[in-house]
Amino acid sequence: MKFYKNKLGVAVSCAVLSMSLSACGGSSGGGGGNDDVVTDDWATDTGRVDSGNVFVYDPVEALDTCVVDQNTLIVLGDFYDEYASWMWDSTGKNLVDGLNWPGEEFTANDMGSACSKTIHYYNHANDDGSLVSLENYNVIVNNNGKDKQTGDGNVFTQNKPCLKMTSETDAQFVTAAECGVHVKDLEDIELEDESYISYDGGILKDGATIEFTEIAGKKDTTGHIEVGLLIKGKDVDANTKGSYWFSDAKTTKDVPNSEATAAEFTNGAIISIGDNVEVADGETKNIKLNVKFNNAVSVYTIKKSYVVKDTDCRLHKQNDTLGAIYTPTQTTFRIWSPDSKDGNQVIVDGTSYDLKPASIDCYSDVFEAVVEGDLAGKTYQFIIGGKKVRDPYGKMTANGNDTANIVMDMSATEPEGGWAESPELKNRVDSIVYEVHVRDFTIDETSGVDADKRGRYLGMVQTGTKYNGVATGIDHLKELGITHVQLQPIYDYKTCSDVDSQSNKCYNWGYDPWNYNVPEDRYTSVFNTDEYNKKVQEVKTMINEFHKNGIRVIMDVVYNHTYNKSVFEDITGKYYLKTDVTGCGNTVNSDSNMVWTMIRDSMDYWVNEYHVDGFRLDLVGAFSIQDFSDWGVYLNRVHPDANLLIYGEPWAADNDAAEKQVDAPVRTGRIHLQSDEAHVGAFNNRIRNCLKGSSDDGKALGFIFDKLNDGWDDNGTDENDKKLSNNKECVFMGVRGGVRHKDATGTDVWTAQGFTNPEQSISYVTAHDNLALRDKIEAAGVTDMTEKVKLQGYSNAIIAVSQGITFIHGGEEIGRTKAAAGKDMHNTYNTTTGANDFKWDLKATEEWGELFDAYAGFIKMRKNHPAFHMTTADDIFNNVTLDENSTNSVVIFDINGAAVGDSWSNIKVVLNSTKSAVEVSGVEGMTKVVDNNHIDDGEVAQNTQADAQSVSIWVTK
């Protein structure tokens with residue numbers, strides 16, 4: 001998934017907190033009668049101050065010339081050279097359709113001398129010239145997508161339209177008058193007293209609710225939250241005092257003297273809430289936090305819950321599940337409804353049935369109805385809390401209906417002739433994964449696929465297709481020699497849902513989930529019809545045909561967010577985290593046991609029903625390492641012979657927020673914390689950075705360009721937190737698969753050496769996000785075709801000789817380019833330009849055809865020689881060693897192949913990034929088996945030179 005919005009945390013500095021701890025709770029906390037007795041000690045002193053959000057009264061002179069229109073965002077603060085505005089509403093919809101991060105630039109909108117202070121402004125016009133209303137839009141101002149931005153939580157209102165910046169990252173909305181600005185046709189609003197709080201980098205106003213969950217055994221990191229107590233008003237400064245107290249009252253009016261034991265605080269004081277509050281498993285405790293300055297009182301609801309991640313339930317198969325459980329004689333309808341307990345129904349084929357509480361092992365708050373008869377193909381609709389909601393476990397959706405589902409007899413959807421066995425996979429490190437999008441692969445007429453199958457499931461597996469005599473489609477994959485295809489989303493996603501995949505009117509990769517267990521309809525031959533069994537059967541047929549042709553299938557899944565909150569929020573808000581970490585406004589909350597279980601059950605369903613061979617989890621860094629590990633343990637226990645590949649992106653869109661909200665989110669530096677049974681992995685972004693540099697442009701260049709990646713996301717650290725400062729270190733670290741010693745002491749979560757087993761490390765140069773490899777090479781200024789082809793081959797040749805699991809972005813082997821997307825070629829998730837389409841005529845050219853042969857040659861070599869895919873970290877440490885003659889331009893390493901049973905007993909590999917051949921010592925008496933694009937083909941010239949910009953290999957046989 002491509003998105004960047006890195007929210008910065010609360011800025012703090014040390015200060016003395018003036019308060020009486022007895023006022024923070026305890027049996028004396030009420031003072032207003034029995035209804036207000038607080039029996040827990042809710043707050044503790046941190047001794048720190050949220051200095052970035054402390055308001056200091058500093059009035060700005062308002063000149064008569066400093067006037068803006070209504071619905072104009074005003075920005076006070078001259079902290080950036082360039083300004084851009086990113087705005088979205090409460091549903092996650094952007095202010096400007098189709099606009100990508102960092103939003104609309106407004107650098108030139110400077111009021112200049114018209115105002116007494118530097119004022120920037122932003123507005124957006126309708127087609128008729130009127131300004132779009134900005135009311136209640138969330139706002140982030142950034143330096144046009146570079147490295148600085150204001151935090152989340154700032155919401156525009158016409159009463160407070162000025163975002164007052166106090167640093168590059170800290171800002172809050174104030175009245176226009178406070179910024180010295182007049183709004184046309186509106187009276188200036190005077191500053192009033194306010195009390196409010198800061199939480200998780202944002203500002204919360206009166207009436208807000210904060211919910212958090214303590215995870216059993218992890219009290220230190222999950223058992224509390226920190227909030228800043230803040231005030232605003234005339235003459236307020238950093239030393240101004242306010243007061244706060246806790247109560248069980250709904251408002252201060254309910255218990256007039258509830259502040260009798262209030263504690264005094266200094267503006268900005270940070271308190272920790274919940275440390276000493278014990279909650280039973282599955283229960284929630286509520287309290288009201290009251291904050292007061294003069295006569296301004298704000299009241300917040302704090303909710304603390306507690307969850308035990310029960311191992312027996314999480315890691316063992318249950319006999320029962322949720323959704324519509326079909327038999328020929330009756331169907332059981334079950335749904336999780338933790339908030340609405342009464343009046344819930346399911347409407348089946350027009351008849352309503354009451355949902356009653358059900359007792360299901362390891363599932364809580366489940367309601368069910370059993371309906372007699374053979375209901376296959378019938379429509380059903382859950383009603384929860386009076387609202388129509390989808391079945392989160394639904395296997396098919398009713399055509400033309402967003403929330404109704406279909407009862408499926410899945411036995412009627414099997415592929416013709418039955419299932420073939422999945423191709424053998426001895427070790428996970430034997431995998432060579434090829435990423436591909438269903439539509440992209442065959443939509444172009446050069447694919448040779450039948451016109452009615454192009455861009456569809458069945459087109460993926462049509463055999464015998466050619467273009468000008470060269471194999472295309474699945475035959476091309478067989479020639480290439482890959483072991484797995486990783487299919488970009490094939491579950492039901494929202495965007496383009498009403499457009500056939502063969503149309504050019506709408507395009508999307510599909511990272512906006514609508515129904516997790518329903519296959520995407522637009523890739524079927526019966527799109528937008530009621531032929532539900534055939535829709536499923538075509539997906540199964542595709543997977544089965546891949547298996548028959550020796551190729552396993554990995555499913556790209558996006559459990560970290562949904563299209564928007566409407567997917568689940570009418571069932572319960574517990575499906576989502578309160579603060580987004582995915583950049584989509586609706587992060588799925590796996591800390592809820594039932595949500596975690598839904599994700600587990602969904603993957604289990606796809607393995608059981610569709611025979612998929614693994615999962616690539618989008619933004620798995622939005623989940624904890626324990627949750628990721630437990631998914632792996634469960635799936636491998638339930639499917640012990642499947643040798644599933646399970647891996648993901650070890651980051652979130654907002655990594656800072658994830659670190660605050662999620663307990664130990666998945667990172668390369670935490671992969672080693674997984675259970676030995678988990679067998680889960682992550683993309684090794686450090687070898688990617690080291691080899692090519694930046695991913696979106698040609699500014700930062702890496703080793704393949706004979707440069708040191710020094711301008712983008714750096715190359716990480718080793719297992720003891722030592723920074724990898726040169727190419728020799730970072731390339732060799734990547735060649736070894738980033739494996740880590742079990743006794744390593746480093747704690748850097750972004751380390752380049754975080755994997756305790758090579759099967760955990762996905763080695764790659766490019767994926768669907770960002771520039772295609774060819775486009776990166778051209779962005780780097782390479783214009784000579786010969787050099788382009790060499791670098792295109794050299795990049796993935798390095799991956800082929802590196803330990804871990806090999807990953808290839810589909811089309812790299814034939815020089816795929818996304819240049820047709822123009823300035824958007826770095827992020828083509830929704831382009832209708834055809835930039836993502838495979839152009840098979842490239843393979844028929846001499847240059848790119850030879851490149852394909854080289855890719856196929858390196859893949860064949862890797863598969864035939866276990867020295868390049870060792871199965872343990874110890875084997876790698878003991879048998880892959882750096883040659884002392886290595887430099888930052890030429891990295892040389894030796895492999896003891898005999899130690900792992902390879903027919904090449906000794907192997908010397910030279911990675912030469914210079915533009916000249918280099919003499920290699922220590923290869924006397926060895927056989928040269930790889931020279932540029934000749935890979936063990938009997939045509940390799942026997943010499944002691946390593947060719948320019950290529951991999952060379954000598955061996956002892």
# chains A, B, ... in the order shown; residues from 1 in each chain; ligands from 1

$ select_by_dssp --residues "segment 471-506 of chain A" --states "strand (DSSP E)" --output "MDAnalysis selection string"
chainID A and resid 471 484:487 491:493

$ write_last_selection --atoms "all heavy atoms" --output "PDB file, in the first residue's frame"
ATOM      1  N   ALA A 471       6.333 -16.630 -25.350  1.00  0.00           N
ATOM      2  CA  ALA A 471       5.272 -17.032 -24.427  1.00  0.00           C
ATOM      3  C   ALA A 471       4.822 -15.851 -23.584  1.00  0.00           C
ATOM      4  O   ALA A 471       5.623 -15.005 -23.169  1.00  0.00           O
ATOM      5  CB  ALA A 471       5.751 -18.166 -23.540  1.00  0.00           C
ATOM      6  N   HIS A 484       5.801 -19.057  -6.761  1.00  0.00           N
ATOM      7  CA  HIS A 484       4.553 -18.500  -6.227  1.00  0.00           C
ATOM      8  C   HIS A 484       4.164 -17.259  -7.030  1.00  0.00           C
ATOM      9  O   HIS A 484       5.036 -16.462  -7.410  1.00  0.00           O
ATOM     10  CB  HIS A 484       4.701 -18.043  -4.772  1.00  0.00           C
ATOM     11  CG  HIS A 484       4.966 -19.111  -3.773  1.00  0.00           C
ATOM     12  ND1 HIS A 484       6.142 -19.841  -3.738  1.00  0.00           N
ATOM     13  CD2 HIS A 484       4.209 -19.568  -2.722  1.00  0.00           C
ATOM     14  CE1 HIS A 484       6.100 -20.696  -2.724  1.00  0.00           C
ATOM     15  NE2 HIS A 484       4.954 -20.548  -2.093  1.00  0.00           N
ATOM     16  N   VAL A 485       2.866 -17.075  -7.220  1.00  0.00           N
ATOM     17  CA  VAL A 485       2.358 -15.760  -7.599  1.00  0.00           C
ATOM     18  C   VAL A 485       1.737 -15.126  -6.360  1.00  0.00           C
ATOM     19  O   VAL A 485       1.058 -15.796  -5.583  1.00  0.00           O
ATOM     20  CB  VAL A 485       1.305 -15.815  -8.732  1.00  0.00           C
ATOM     21  CG1 VAL A 485       1.939 -16.165 -10.057  1.00  0.00           C
ATOM     22  CG2 VAL A 485       0.163 -16.743  -8.393  1.00  0.00           C
ATOM     23  N   GLN A 486       2.028 -13.851  -6.157  1.00  0.00           N
ATOM     24  CA  GLN A 486       1.349 -13.080  -5.116  1.00  0.00           C
ATOM     25  C   GLN A 486       0.324 -12.204  -5.824  1.00  0.00           C
ATOM     26  O   GLN A 486       0.681 -11.268  -6.539  1.00  0.00           O
ATOM     27  CB  GLN A 486       2.326 -12.209  -4.334  1.00  0.00           C
ATOM     28  CG  GLN A 486       1.625 -11.317  -3.307  1.00  0.00           C
ATOM     29  CD  GLN A 486       2.534 -10.246  -2.751  1.00  0.00           C
ATOM     30  OE1 GLN A 486       3.514 -10.543  -2.078  1.00  0.00           O
ATOM     31  NE2 GLN A 486       2.228  -8.983  -3.060  1.00  0.00           N
ATOM     32  N   LEU A 487      -0.947 -12.553  -5.672  1.00  0.00           N
ATOM     33  CA  LEU A 487      -2.014 -11.831  -6.351  1.00  0.00           C
ATOM     34  C   LEU A 487      -2.406 -10.603  -5.546  1.00  0.00           C
ATOM     35  O   LEU A 487      -2.802 -10.713  -4.378  1.00  0.00           O
ATOM     36  CB  LEU A 487      -3.229 -12.730  -6.537  1.00  0.00           C
ATOM     37  CG  LEU A 487      -3.026 -13.995  -7.384  1.00  0.00           C
ATOM     38  CD1 LEU A 487      -4.316 -14.796  -7.449  1.00  0.00           C
ATOM     39  CD2 LEU A 487      -2.548 -13.645  -8.791  1.00  0.00           C
ATOM     40  N   TYR A 491     -10.030 -10.132  -2.927  1.00  0.00           N
ATOM     41  CA  TYR A 491     -11.240 -10.064  -2.121  1.00  0.00           C
ATOM     42  C   TYR A 491     -12.078  -8.901  -2.656  1.00  0.00           C
ATOM     43  O   TYR A 491     -11.619  -8.106  -3.487  1.00  0.00           O
ATOM     44  CB  TYR A 491     -10.910  -9.834  -0.642  1.00  0.00           C
ATOM     45  CG  TYR A 491     -10.037  -8.618  -0.450  1.00  0.00           C
ATOM     46  CD1 TYR A 491     -10.567  -7.334  -0.589  1.00  0.00           C
ATOM     47  CD2 TYR A 491      -8.677  -8.735  -0.198  1.00  0.00           C
ATOM     48  CE1 TYR A 491      -9.777  -6.208  -0.480  1.00  0.00           C
ATOM     49  CE2 TYR A 491      -7.875  -7.616  -0.090  1.00  0.00           C
ATOM     50  CZ  TYR A 491      -8.436  -6.359  -0.237  1.00  0.00           C
ATOM     51  OH  TYR A 491      -7.643  -5.244  -0.138  1.00  0.00           O
ATOM     52  N   ASP A 492     -13.290  -8.766  -2.197  1.00  0.00           N
ATOM     53  CA  ASP A 492     -14.200  -7.729  -2.668  1.00  0.00           C
ATOM     54  C   ASP A 492     -13.761  -6.363  -2.159  1.00  0.00           C
ATOM     55  O   ASP A 492     -13.799  -6.098  -0.962  1.00  0.00           O
ATOM     56  CB  ASP A 492     -15.618  -8.049  -2.173  1.00  0.00           C
ATOM     57  CG  ASP A 492     -16.643  -7.024  -2.634  1.00  0.00           C
ATOM     58  OD1 ASP A 492     -16.473  -6.472  -3.722  1.00  0.00           O
ATOM     59  OD2 ASP A 492     -17.609  -6.788  -1.884  1.00  0.00           O
ATOM     60  N   TYR A 493     -13.322  -5.498  -3.070  1.00  0.00           N
ATOM     61  CA  TYR A 493     -12.959  -4.137  -2.681  1.00  0.00           C
ATOM     62  C   TYR A 493     -13.966  -3.148  -3.262  1.00  0.00           C
ATOM     63  O   TYR A 493     -14.731  -3.463  -4.170  1.00  0.00           O
ATOM     64  CB  TYR A 493     -11.521  -3.809  -3.076  1.00  0.00           C
ATOM     65  CG  TYR A 493     -11.160  -3.915  -4.544  1.00  0.00           C
ATOM     66  CD1 TYR A 493     -11.378  -2.862  -5.428  1.00  0.00           C
ATOM     67  CD2 TYR A 493     -10.540  -5.064  -5.048  1.00  0.00           C
ATOM     68  CE1 TYR A 493     -11.014  -2.943  -6.756  1.00  0.00           C
ATOM     69  CE2 TYR A 493     -10.164  -5.148  -6.379  1.00  0.00           C
ATOM     70  CZ  TYR A 493     -10.409  -4.093  -7.232  1.00  0.00           C
ATOM     71  OH  TYR A 493     -10.043  -4.169  -8.562  1.00  0.00           O
TER      72      TYR A 493
END

$ residues_around --residues "segment 437-439 of chain A" --least-positions-apart "6" --cutoff "10 Å" --atoms "only C-alpha atoms" --output "CSV table (one decimal) with N, CA, C and O atoms, in the first residue's frame"
chain,number,residue,atom,x,y,z
A,453,LYS,N,-11.5,-13.2,-21.8
A,453,LYS,CA,-10.8,-13.5,-20.6
A,453,LYS,C,-9.8,-12.5,-20.1
A,453,LYS,O,-9.2,-12.6,-19.0
A,454,ARG,N,-9.5,-11.5,-21.0
A,454,ARG,CA,-8.5,-10.5,-20.6
A,454,ARG,C,-8.9,-9.7,-19.3
A,454,ARG,O,-10.0,-9.3,-19.2
A,455,GLY,N,-7.9,-9.6,-18.5
A,455,GLY,CA,-8.2,-8.8,-17.2
A,455,GLY,C,-9.0,-9.6,-16.2
A,455,GLY,O,-9.5,-8.9,-15.3
A,456,ARG,N,-9.2,-10.9,-16.4
A,456,ARG,CA,-10.1,-11.6,-15.5
A,456,ARG,C,-9.3,-12.9,-15.0
A,456,ARG,O,-8.2,-13.2,-15.4
A,457,TYR,N,-10.0,-13.5,-14.0
A,457,TYR,CA,-9.4,-14.6,-13.3
A,457,TYR,C,-9.0,-15.7,-14.3
A,457,TYR,O,-7.8,-16.2,-14.2
A,458,LEU,N,-9.8,-16.1,-15.2
A,458,LEU,CA,-9.5,-17.2,-16.1
A,458,LEU,C,-8.5,-16.8,-17.1
A,458,LEU,O,-7.8,-17.7,-17.7
A,459,GLY,N,-8.3,-15.5,-17.4
A,459,GLY,CA,-7.2,-15.1,-18.3
A,459,GLY,C,-5.8,-15.3,-17.7
A,459,GLY,O,-4.8,-15.5,-18.4
A,460,MET,N,-5.8,-15.3,-16.3
A,460,MET,CA,-4.5,-15.5,-15.6
A,460,MET,C,-3.9,-16.9,-16.0
A,460,MET,O,-2.7,-17.1,-15.9
A,485,VAL,N,2.9,-17.1,-7.2
A,485,VAL,CA,2.4,-15.8,-7.6
A,485,VAL,C,1.7,-15.1,-6.4
A,485,VAL,O,1.1,-15.8,-5.6
A,486,GLN,N,2.0,-13.9,-6.2
A,486,GLN,CA,1.3,-13.1,-5.1
A,486,GLN,C,0.3,-12.2,-5.8
A,486,GLN,O,0.7,-11.3,-6.5
A,487,LEU,N,-0.9,-12.6,-5.7
A,487,LEU,CA,-2.0,-11.8,-6.4
A,487,LEU,C,-2.4,-10.6,-5.5
A,487,LEU,O,-2.8,-10.7,-4.4
A,488,GLN,N,-2.3,-9.4,-6.2
A,488,GLN,CA,-2.8,-8.2,-5.5
A,488,GLN,C,-4.3,-8.5,-5.3
A,488,GLN,O,-4.9,-9.3,-5.8
A,489,PRO,N,-5.0,-7.7,-4.4
A,489,PRO,CA,-6.2,-8.0,-3.8
A,489,PRO,C,-7.3,-8.6,-4.8
A,489,PRO,O,-7.6,-8.1,-5.8
A,490,ILE,N,-7.8,-9.8,-4.3
A,490,ILE,CA,-8.8,-10.5,-5.1
A,490,ILE,C,-10.1,-10.7,-4.2
A,490,ILE,O,-11.1,-11.3,-4.6
A,501,SER,N,-13.9,-5.2,-15.1
A,501,SER,CA,-12.4,-5.0,-15.2
A,501,SER,C,-11.9,-4.7,-16.6
A,501,SER,O,-10.8,-4.2,-16.8
A,502,GLN,N,-12.7,-5.1,-17.6
A,502,GLN,CA,-12.3,-4.8,-19.0
A,502,GLN,C,-12.5,-3.4,-19.4
A,502,GLN,O,-12.0,-3.0,-20.5
A,507,TYR,N,-10.1,2.2,-12.5
A,507,TYR,CA,-9.0,1.3,-12.2
A,507,TYR,C,-8.6,1.4,-10.7
A,507,TYR,O,-8.6,2.5,-10.2
A,508,ASN,N,-8.3,0.3,-10.1
A,508,ASN,CA,-7.8,0.4,-8.7
A,508,ASN,C,-7.0,-0.9,-8.4
A,508,ASN,O,-7.4,-2.0,-8.9
A,509,TRP,N,-6.0,-0.8,-7.6
A,509,TRP,CA,-5.3,-2.0,-7.1
A,509,TRP,C,-6.1,-2.8,-6.2
A,509,TRP,O,-6.0,-4.0,-6.1
A,510,GLY,N,-7.0,-2.2,-5.4
A,510,GLY,CA,-7.9,-2.9,-4.5
A,510,GLY,C,-7.6,-2.9,-3.1
A,510,GLY,O,-8.0,-3.7,-2.3
A,522,ARG,N,-15.5,-8.1,-10.2
A,522,ARG,CA,-15.3,-7.5,-11.5
A,522,ARG,C,-14.3,-8.3,-12.3
A,522,ARG,O,-14.1,-8.0,-13.5
A,523,TYR,N,-13.6,-9.2,-11.7
A,523,TYR,CA,-12.6,-10.1,-12.5
A,523,TYR,C,-13.3,-11.4,-13.0
A,523,TYR,O,-12.7,-12.2,-13.6
A,556,ASP,N,-2.8,-11.4,-1.4
A,556,ASP,CA,-2.5,-10.1,-0.8
A,556,ASP,C,-3.8,-9.6,0.0
A,556,ASP,O,-4.8,-9.4,-0.6
A,768,HIS,N,4.8,-3.3,-6.0
A,768,HIS,CA,3.8,-2.5,-6.8
A,768,HIS,C,3.8,-1.0,-6.5
A,768,HIS,O,3.6,-0.2,-7.3
A,810,GLY,N,6.2,-8.2,-10.6
A,810,GLY,CA,5.9,-8.7,-12.0
A,810,GLY,C,6.2,-7.7,-13.1
A,810,GLY,O,5.8,-6.6,-13.0
A,836,ASN,N,-0.2,0.5,-15.8
A,836,ASN,CA,0.0,-0.7,-15.1
A,836,ASN,C,-0.1,-1.9,-16.0
A,836,ASN,O,0.3,-3.0,-15.5
A,837,ASP,N,-0.6,-1.8,-17.2
A,837,ASP,CA,-0.8,-3.0,-18.0
A,837,ASP,C,0.6,-3.6,-18.4
A,837,ASP,O,1.5,-2.9,-18.8
A,838,PHE,N,0.6,-4.9,-18.4
A,838,PHE,CA,1.8,-5.6,-19.0
A,838,PHE,C,1.8,-5.4,-20.5
A,838,PHE,O,0.8,-5.8,-21.2

$ residues_around --residues "Thr956 of chain A" --least-positions-apart "3" --cutoff "7 Å" --atoms "only C-alpha atoms" --output "PyMOL selection string"
chain A and resi 904-907+926-927

$ residues_around --residues "Lys707 of chain A" --least-positions-apart "4" --cutoff "10 Å" --atoms "only C-alpha atoms" --output "list in words"
Cys690, Leu691, Lys692, Gly693, Ala700, Leu701, Gly702, Phe703, Asn726, Asn727, Asn888, Ser889, Ser913 and Thr914 of chain A

$ write_last_selection --atoms "all heavy atoms" --output "mmCIF file, in the first residue's frame"
data_model
loop_
_atom_site.group_PDB
_atom_site.id
_atom_site.type_symbol
_atom_site.label_atom_id
_atom_site.label_comp_id
_atom_site.auth_asym_id
_atom_site.auth_seq_id
_atom_site.Cartn_x
_atom_site.Cartn_y
_atom_site.Cartn_z
ATOM 1 N N CYS A 690 19.388 -0.074 0.365
ATOM 2 C CA CYS A 690 20.825 -0.136 0.124
ATOM 3 C C CYS A 690 21.134 -0.287 -1.361
ATOM 4 O O CYS A 690 22.055 0.338 -1.878
ATOM 5 C CB CYS A 690 21.417 -1.300 0.924
ATOM 6 S SG CYS A 690 23.198 -1.498 0.735
ATOM 7 N N LEU A 691 20.345 -1.100 -2.052
ATOM 8 C CA LEU A 691 20.640 -1.377 -3.457
ATOM 9 C C LEU A 691 20.223 -0.245 -4.383
ATOM 10 O O LEU A 691 20.981 0.134 -5.282
ATOM 11 C CB LEU A 691 19.954 -2.666 -3.893
ATOM 12 C CG LEU A 691 20.478 -3.957 -3.264
ATOM 13 C CD1 LEU A 691 19.737 -5.161 -3.834
ATOM 14 C CD2 LEU A 691 21.977 -4.122 -3.472
ATOM 15 N N LYS A 692 19.029 0.321 -4.192
ATOM 16 C CA LYS A 692 18.562 1.301 -5.185
ATOM 17 C C LYS A 692 18.430 2.723 -4.653
ATOM 18 O O LYS A 692 18.281 3.659 -5.431
ATOM 19 C CB LYS A 692 17.236 0.848 -5.787
ATOM 20 C CG LYS A 692 16.032 0.987 -4.867
ATOM 21 C CD LYS A 692 14.731 0.667 -5.595
ATOM 22 C CE LYS A 692 13.538 0.862 -4.669
ATOM 23 N NZ LYS A 692 12.254 0.545 -5.321
ATOM 24 N N GLY A 693 18.414 2.917 -3.314
ATOM 25 C CA GLY A 693 18.195 4.241 -2.764
ATOM 26 C C GLY A 693 16.722 4.508 -2.609
ATOM 27 O O GLY A 693 15.961 3.634 -2.198
ATOM 28 N N ALA A 700 17.993 9.968 -4.352
ATOM 29 C CA ALA A 700 18.910 9.168 -3.534
ATOM 30 C C ALA A 700 19.192 7.867 -4.271
ATOM 31 O O ALA A 700 18.268 7.136 -4.642
ATOM 32 C CB ALA A 700 18.299 8.882 -2.168
ATOM 33 N N LEU A 701 20.457 7.574 -4.486
ATOM 34 C CA LEU A 701 20.866 6.398 -5.261
ATOM 35 C C LEU A 701 21.679 5.456 -4.392
ATOM 36 O O LEU A 701 22.405 5.885 -3.499
ATOM 37 C CB LEU A 701 21.678 6.821 -6.478
ATOM 38 C CG LEU A 701 20.992 7.809 -7.434
ATOM 39 C CD1 LEU A 701 21.911 8.168 -8.588
ATOM 40 C CD2 LEU A 701 19.679 7.241 -7.956
ATOM 41 N N GLY A 702 21.562 4.175 -4.677
ATOM 42 C CA GLY A 702 22.232 3.167 -3.880
ATOM 43 C C GLY A 702 23.326 2.426 -4.600
ATOM 44 O O GLY A 702 23.850 2.880 -5.630
ATOM 45 N N PHE A 703 23.652 1.253 -4.086
ATOM 46 C CA PHE A 703 24.810 0.483 -4.504
ATOM 47 C C PHE A 703 24.808 0.138 -5.985
ATOM 48 O O PHE A 703 25.858 0.163 -6.642
ATOM 49 C CB PHE A 703 24.887 -0.803 -3.674
ATOM 50 C CG PHE A 703 25.958 -1.758 -4.099
ATOM 51 C CD1 PHE A 703 27.299 -1.480 -3.882
ATOM 52 C CD2 PHE A 703 25.629 -2.969 -4.712
ATOM 53 C CE1 PHE A 703 28.297 -2.369 -4.265
ATOM 54 C CE2 PHE A 703 26.608 -3.866 -5.096
ATOM 55 C CZ PHE A 703 27.948 -3.566 -4.875
ATOM 56 N N ASN A 726 28.246 2.208 5.279
ATOM 57 C CA ASN A 726 28.830 2.096 3.942
ATOM 58 C C ASN A 726 28.201 0.927 3.179
ATOM 59 O O ASN A 726 27.527 0.071 3.749
ATOM 60 C CB ASN A 726 30.347 1.949 4.018
ATOM 61 C CG ASN A 726 30.778 0.727 4.818
ATOM 62 O OD1 ASN A 726 30.477 -0.415 4.440
ATOM 63 N ND2 ASN A 726 31.487 0.944 5.923
ATOM 64 N N ASN A 727 28.430 0.921 1.881
ATOM 65 C CA ASN A 727 27.822 -0.096 1.025
ATOM 66 C C ASN A 727 28.311 -1.497 1.349
ATOM 67 O O ASN A 727 27.538 -2.454 1.295
ATOM 68 C CB ASN A 727 28.112 0.208 -0.444
ATOM 69 C CG ASN A 727 27.155 1.239 -1.019
ATOM 70 O OD1 ASN A 727 26.058 1.402 -0.512
ATOM 71 N ND2 ASN A 727 27.577 1.923 -2.065
ATOM 72 N N ASN A 888 33.403 -0.510 -1.305
ATOM 73 C CA ASN A 888 32.037 0.004 -1.349
ATOM 74 C C ASN A 888 31.456 0.001 -2.753
ATOM 75 O O ASN A 888 30.263 0.273 -2.934
ATOM 76 C CB ASN A 888 31.981 1.410 -0.766
ATOM 77 C CG ASN A 888 32.147 1.404 0.734
ATOM 78 O OD1 ASN A 888 31.642 0.524 1.417
ATOM 79 N ND2 ASN A 888 32.898 2.371 1.262
ATOM 80 N N SER A 889 32.275 -0.308 -3.735
ATOM 81 C CA SER A 889 31.807 -0.402 -5.122
ATOM 82 C C SER A 889 31.780 -1.837 -5.631
ATOM 83 O O SER A 889 31.024 -2.155 -6.552
ATOM 84 C CB SER A 889 32.712 0.430 -6.046
ATOM 85 O OG SER A 889 32.688 1.793 -5.705
ATOM 86 N N SER A 913 29.623 -2.917 -9.081
ATOM 87 C CA SER A 913 28.765 -1.792 -9.447
ATOM 88 C C SER A 913 29.487 -0.737 -10.269
ATOM 89 O O SER A 913 28.857 0.261 -10.665
ATOM 90 C CB SER A 913 28.188 -1.142 -8.182
ATOM 91 O OG SER A 913 27.258 -2.000 -7.554
ATOM 92 N N THR A 914 30.764 -0.927 -10.523
ATOM 93 C CA THR A 914 31.488 0.050 -11.336
ATOM 94 C C THR A 914 31.170 -0.151 -12.811
ATOM 95 O O THR A 914 30.567 -1.161 -13.206
ATOM 96 C CB THR A 914 33.002 -0.073 -11.130
ATOM 97 O OG1 THR A 914 33.480 -1.273 -11.759
ATOM 98 C CG2 THR A 914 33.357 -0.103 -9.647
#

$ residues_around --residues "His547 of chain A" --least-positions-apart "2" --cutoff "12 Å" --atoms "only C-alpha atoms" --output "PyMOL selection string"
chain A and resi 418-425+461+474+478+483-485+540-545+549-554+610-613

$ residues_around --residues "Gly373 of chain A" --least-positions-apart "2" --cutoff "9 Å" --atoms "only C-alpha atoms" --output "NGL selection string"
:A and (327-331 or 371 or 375)

$ residues_around --residues "segment 615-624 of chain A" --least-positions-apart "4" --cutoff "10 Å" --atoms "only C-alpha atoms" --output "PyMOL selection string"
chain A and resi 1-2+486-489+511+553-561+580-582+587-591+596+603+606-607+628-630+644-655+657-659+661-668+670+680-683

$ select_by_dssp --residues "segment 638-832 of chain A" --states "alpha helix (DSSP H)" --output "VMD selection string"
chain A and resid 638 655 to 661 685 to 692 727 to 735 773 to 779 785 to 800

$ atom_distance --atom1 "atom CA of Ser305 of chain A" --atom2 "atom CA of Thr747 of chain A"
29.2 Å

$ atom_distance --atom1 "atom CA of Leu229 of chain A" --atom2 "atom CA of Lys574 of chain A"
26.8 Å

$ closest_residue --among "A:Lys164, A:His809, A:Lys660, A:Lys241" --to "Ser795 of chain A" --atoms "only C-alpha atoms"
A:His809
